[in-house]
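Take a look at the structure set out below.
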Amino acid sequence: MTALAPDPSTAGPGAIPAPPDPSAPSARQRGKRIFRLVLPALVVYAVTTVLHLVVLAAMSDADGPGLRERLLAWDGNLYVSIAEHGYPHGYSHAADGSLAGNNLAFFPLFPMLIRAVHALTGLAWGTSGIVAAHLALIAALIAVHRLLAALHGTRTAFIAIVLIAGAQPMSLSFLMSYSESLFLALAAGTLLAAHRKAWLTAGALALLTGLTRPAAAAVVAALAVAAGLHLLRERRLSPRPLAAVALGCLGTPLYLWWVGQRVGDLGAWFRIQEAGWGTHWDNGAAFLDFLGETLRRGDGWVSVSTAVLLLALLCATVLTWQRGTWPPLLVYGTGIVVLTLAQSNYSHSKLRLLIPAVLFLVPAARALAAARTRTAVTVLCAATLFGCWYGAFMLTVWKYAI
């Protein structure tokens, strides 16, 4: 009778360990695979960042603010201030006693990332804010590339991240000490995790997105659609997708509740937003007024170009709904567009607020992916140069906040 070989899992301490599985990838092979997956995003980040900074430097006056100061302008300094000094303890008031805006209007996750970078590197607070934005942008480009590669192929995905990082009119904001890059990283990560059915990861990322910007409502809606579609396909009630949606719903309400407790008024965040930035839900009335007034008698390049570009983004969004796009991505991108245009916030900031939407870039990316390589390269180079110039113009010539 032939003796059976001992089971390695039950063998005693003196047993010879089972030989390694030759088909299993080694650590070096896994490292190479990961590097190949992230390389497109790293290349796009490096090239577009250099172009943005070169154009910004060329358009800056020699006796004016330097690159660092430009990248910390406007809200960038406010985020750094929160990271360094924390939040105020209550309402702020103007000299005449009227309610004024303060830093409680800004959500906490990006300042927390700045604080982490400062603690780990010892860099100055302002520099930590810029580094935090750049790290988040790299993560965002990786997540968007992997998501769109799974949905539309690697060629479309690569073109899309070039459009995101270089060609969008306000893509320079991704390099500033603003929360846009972190928001996009977390939103794209949520969608990627949902597409891979990693539900609890998706829920946790959606929660963090809700601590970054209130527009995370679009991310939660997209996650709910992904979970609903999964449950319909499975035809059974699975707890993980439901838990993911519930988890994702917590982020923004938690911060709004915390602000209410800190100030002693549950509606404090909304009052601060209205007092400082005139932001409230108006069903798009302010946007339509801006659009009508600008197209009738627009005065200046910035107003006219903003109106035209916003109309182009709306048309691209509608076009995306007519093509075969993954429903959660449709809901996310459309949600960002609706939340941005249906509020009364500063019209010239809307292009910046829309840059994490991704959706309206998909038709252009798919069209360029189907075009000849020479045509695609020419269009991408021209669009990227325009995007770099437009952002630099808004930061150096336009005198109002972006």
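Chain labels A, B, ... are given in the sequence in which chains occur in the structure tokens; within each chain residues are numbered consecutively from 1, and ligands are likewise numbered from 1 in the order shown.
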(message) List as a ChimeraX atom specification the protein and nucleic acid residues near range 367-374 of chain A, meaning an atom at most 8 Å away when only C-alpha atoms are counted, but skip any in the same chain fewer than 4 places from it.
(response) /A:155-156,159,363,378
(request) Write out as a PyMOL selection string each polymer residue whose atoms come within 8 Å of range 225-230 of chain A, counting only C-alpha atoms; drop sequence neighbours fewer than 6 positions from it. (result) chain A and resi 194-195+241-242+245+327-328+331
Within 12 Å of range 42-47 of chain A, which residues of range 174-248 of chain A show up? Give each one with its shortest atom-to-atom distance in Å (one decimal) and the two atoms involved, counting only C-alpha atoms, rows by chain then rising residue number, as a tab-separated table.
```
residue	atom	partner	partner_atom	distance
A:Phe174	CA	A:Tyr45	CA	10.4
A:Leu175	CA	A:Tyr45	CA	10.0
A:Ser181	CA	A:Tyr45	CA	11.9
```
(request) State, in Å with one decimal place, the distance from CA of Ala94 in chain A to CA of Asp75 in chain A. (result) 19.2 Å
(message) Which residue is closest to Leu109 in chain A? Choose from A:Arg235, A:Arg240, A:Arg297, A:Arg213 and count only C-alpha atoms.
(response)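 Answer, going by the shortest atom-to-atom distance: A:Arg213.
Nearest-residue note for Gln273 in chain A: choosing from A:Leu67, A:Ala100, A:Ala119, A:Leu53, the minimum distance belongs to A:Ala100, counting only C-alpha atoms.
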(message) Report as a list in words all protein, DNA and RNA residues lying within 7 Å of range 196-212 of chain A, evaluated on only C-alpha atoms, omitting residues in the same chain fewer than 6 positions from it.
(response)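 Those residues are Phe107, Pro108, Leu109, Phe110, Ser179, Phe183, Leu186, Ala187, Gly189, Thr190, Val219, Val220, Arg240, Pro241, Ala244, Val245, Leu247, Gly248, Cys249, Leu250, Gly251, Thr252 and Tyr255 of chain A.
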Atoms kept (N, CA and C atoms) for selection, written as a PDB file, in the first residue's frame:
```pdb
ATOM      1  N   PHE A 107     -14.062  72.512   5.159  1.00  0.00           N
ATOM      2  CA  PHE A 107     -14.115  71.171   5.747  1.00  0.00           C
ATOM      3  C   PHE A 107     -12.721  70.716   6.204  1.00  0.00           C
ATOM      4  N   PRO A 108     -12.634  69.756   7.134  1.00  0.00           N
ATOM      5  CA  PRO A 108     -11.391  69.561   7.885  1.00  0.00           C
ATOM      6  C   PRO A 108     -10.358  68.611   7.292  1.00  0.00           C
ATOM      7  N   LEU A 109     -10.695  67.765   6.316  1.00  0.00           N
ATOM      8  CA  LEU A 109      -9.756  66.701   5.961  1.00  0.00           C
ATOM      9  C   LEU A 109      -8.496  67.243   5.287  1.00  0.00           C
ATOM     10  N   PHE A 110      -8.637  68.227   4.394  1.00  0.00           N
ATOM     11  CA  PHE A 110      -7.436  68.753   3.757  1.00  0.00           C
ATOM     12  C   PHE A 110      -6.516  69.454   4.764  1.00  0.00           C
ATOM     13  N   SER A 179      -8.491  72.086  -1.792  1.00  0.00           N
ATOM     14  CA  SER A 179      -8.949  70.723  -1.503  1.00  0.00           C
ATOM     15  C   SER A 179      -9.391  69.957  -2.742  1.00  0.00           C
ATOM     16  N   PHE A 183     -10.219  65.937  -2.938  1.00  0.00           N
ATOM     17  CA  PHE A 183     -11.601  65.541  -3.217  1.00  0.00           C
ATOM     18  C   PHE A 183     -11.656  64.575  -4.395  1.00  0.00           C
ATOM     19  N   LEU A 186     -10.294  61.044  -3.460  1.00  0.00           N
ATOM     20  CA  LEU A 186     -11.209  60.245  -2.651  1.00  0.00           C
ATOM     21  C   LEU A 186     -12.453  59.846  -3.434  1.00  0.00           C
ATOM     22  N   ALA A 187     -12.966  60.760  -4.263  1.00  0.00           N
ATOM     23  CA  ALA A 187     -14.149  60.446  -5.063  1.00  0.00           C
ATOM     24  C   ALA A 187     -13.836  59.349  -6.073  1.00  0.00           C
ATOM     25  N   GLY A 189     -11.403  57.217  -5.895  1.00  0.00           N
ATOM     26  CA  GLY A 189     -11.138  56.003  -5.132  1.00  0.00           C
ATOM     27  C   GLY A 189     -12.416  55.302  -4.706  1.00  0.00           C
ATOM     28  N   THR A 190     -13.424  56.086  -4.322  1.00  0.00           N
ATOM     29  CA  THR A 190     -14.724  55.508  -3.965  1.00  0.00           C
ATOM     30  C   THR A 190     -15.336  54.771  -5.146  1.00  0.00           C
ATOM     31  N   VAL A 219     -20.934  61.934  -4.529  1.00  0.00           N
ATOM     32  CA  VAL A 219     -20.201  60.680  -4.372  1.00  0.00           C
ATOM     33  C   VAL A 219     -21.077  59.638  -3.683  1.00  0.00           C
ATOM     34  N   VAL A 220     -21.778  60.053  -2.645  1.00  0.00           N
ATOM     35  CA  VAL A 220     -22.661  59.129  -1.922  1.00  0.00           C
ATOM     36  C   VAL A 220     -23.785  58.648  -2.837  1.00  0.00           C
ATOM     37  N   ARG A 240     -22.962  44.237   2.973  1.00  0.00           N
ATOM     38  CA  ARG A 240     -21.805  45.111   2.745  1.00  0.00           C
ATOM     39  C   ARG A 240     -22.125  46.317   1.869  1.00  0.00           C
ATOM     40  N   PRO A 241     -22.806  46.178   0.730  1.00  0.00           N
ATOM     41  CA  PRO A 241     -23.158  47.376  -0.045  1.00  0.00           C
ATOM     42  C   PRO A 241     -24.013  48.360   0.758  1.00  0.00           C
ATOM     43  N   ALA A 244     -21.836  50.150   3.188  1.00  0.00           N
ATOM     44  CA  ALA A 244     -20.997  51.142   2.509  1.00  0.00           C
ATOM     45  C   ALA A 244     -21.756  52.451   2.315  1.00  0.00           C
ATOM     46  N   VAL A 245     -23.001  52.357   1.863  1.00  0.00           N
ATOM     47  CA  VAL A 245     -23.801  53.565   1.645  1.00  0.00           C
ATOM     48  C   VAL A 245     -24.053  54.274   2.969  1.00  0.00           C
ATOM     49  N   LEU A 247     -22.253  54.173   5.657  1.00  0.00           N
ATOM     50  CA  LEU A 247     -20.985  54.763   6.102  1.00  0.00           C
ATOM     51  C   LEU A 247     -20.682  56.042   5.326  1.00  0.00           C
ATOM     52  N   GLY A 248     -20.899  56.004   4.013  1.00  0.00           N
ATOM     53  CA  GLY A 248     -20.622  57.167   3.191  1.00  0.00           C
ATOM     54  C   GLY A 248     -21.475  58.364   3.537  1.00  0.00           C
ATOM     55  N   CYS A 249     -22.676  58.120   4.039  1.00  0.00           N
ATOM     56  CA  CYS A 249     -23.590  59.216   4.387  1.00  0.00           C
ATOM     57  C   CYS A 249     -23.162  59.995   5.623  1.00  0.00           C
ATOM     58  N   LEU A 250     -22.194  59.498   6.377  1.00  0.00           N
ATOM     59  CA  LEU A 250     -21.877  60.094   7.669  1.00  0.00           C
ATOM     60  C   LEU A 250     -20.969  61.316   7.598  1.00  0.00           C
ATOM     61  N   GLY A 251     -20.100  61.411   6.573  1.00  0.00           N
ATOM     62  CA  GLY A 251     -19.026  62.395   6.594  1.00  0.00           C
ATOM     63  C   GLY A 251     -19.475  63.830   6.732  1.00  0.00           C
ATOM     64  N   THR A 252     -20.227  64.333   5.759  1.00  0.00           N
ATOM     65  CA  THR A 252     -20.645  65.733   5.784  1.00  0.00           C
ATOM     66  C   THR A 252     -21.546  66.057   6.969  1.00  0.00           C
ATOM     67  N   TYR A 255     -19.477  66.693  10.132  1.00  0.00           N
ATOM     68  CA  TYR A 255     -18.804  67.987  10.243  1.00  0.00           C
ATOM     69  C   TYR A 255     -19.816  69.105  10.503  1.00  0.00           C
TER      70      TYR A 255
END
```
(message) If DSSP is run on the backbone, what residues of range 84-188 of chain A are helix (DSSP H, G or I)? A reply as a VMD selection string would be ideal.
(response) chain A and resid 84 to 85 103 to 105 109 to 121 125 to 152 154 to 167 171 to 175 180 to 188
(request) Rank A:Leu141, A:Ala105, A:Arg352, A:Pro214 by their smallest atom-to-atom distance to Ser92 in chain A, using only C-alpha atoms, and report the top residue only. (result) A:Ala105
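Near Arg262 in chain A, within 10 Å and counting only C-alpha atoms, sit Tyr87, Pro88, His89, Gly90, Tyr91, Leu104, Leu256 and Ala268 of chain A; same-chain residues fewer than 6 positions away were not included.
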(request) Pick out the closest residue to Thr306 in chain A from this set: A:Leu172, A:Val131, A:Ala243, A:Ile402. Count only C-alpha atoms. (result) A:Ile402
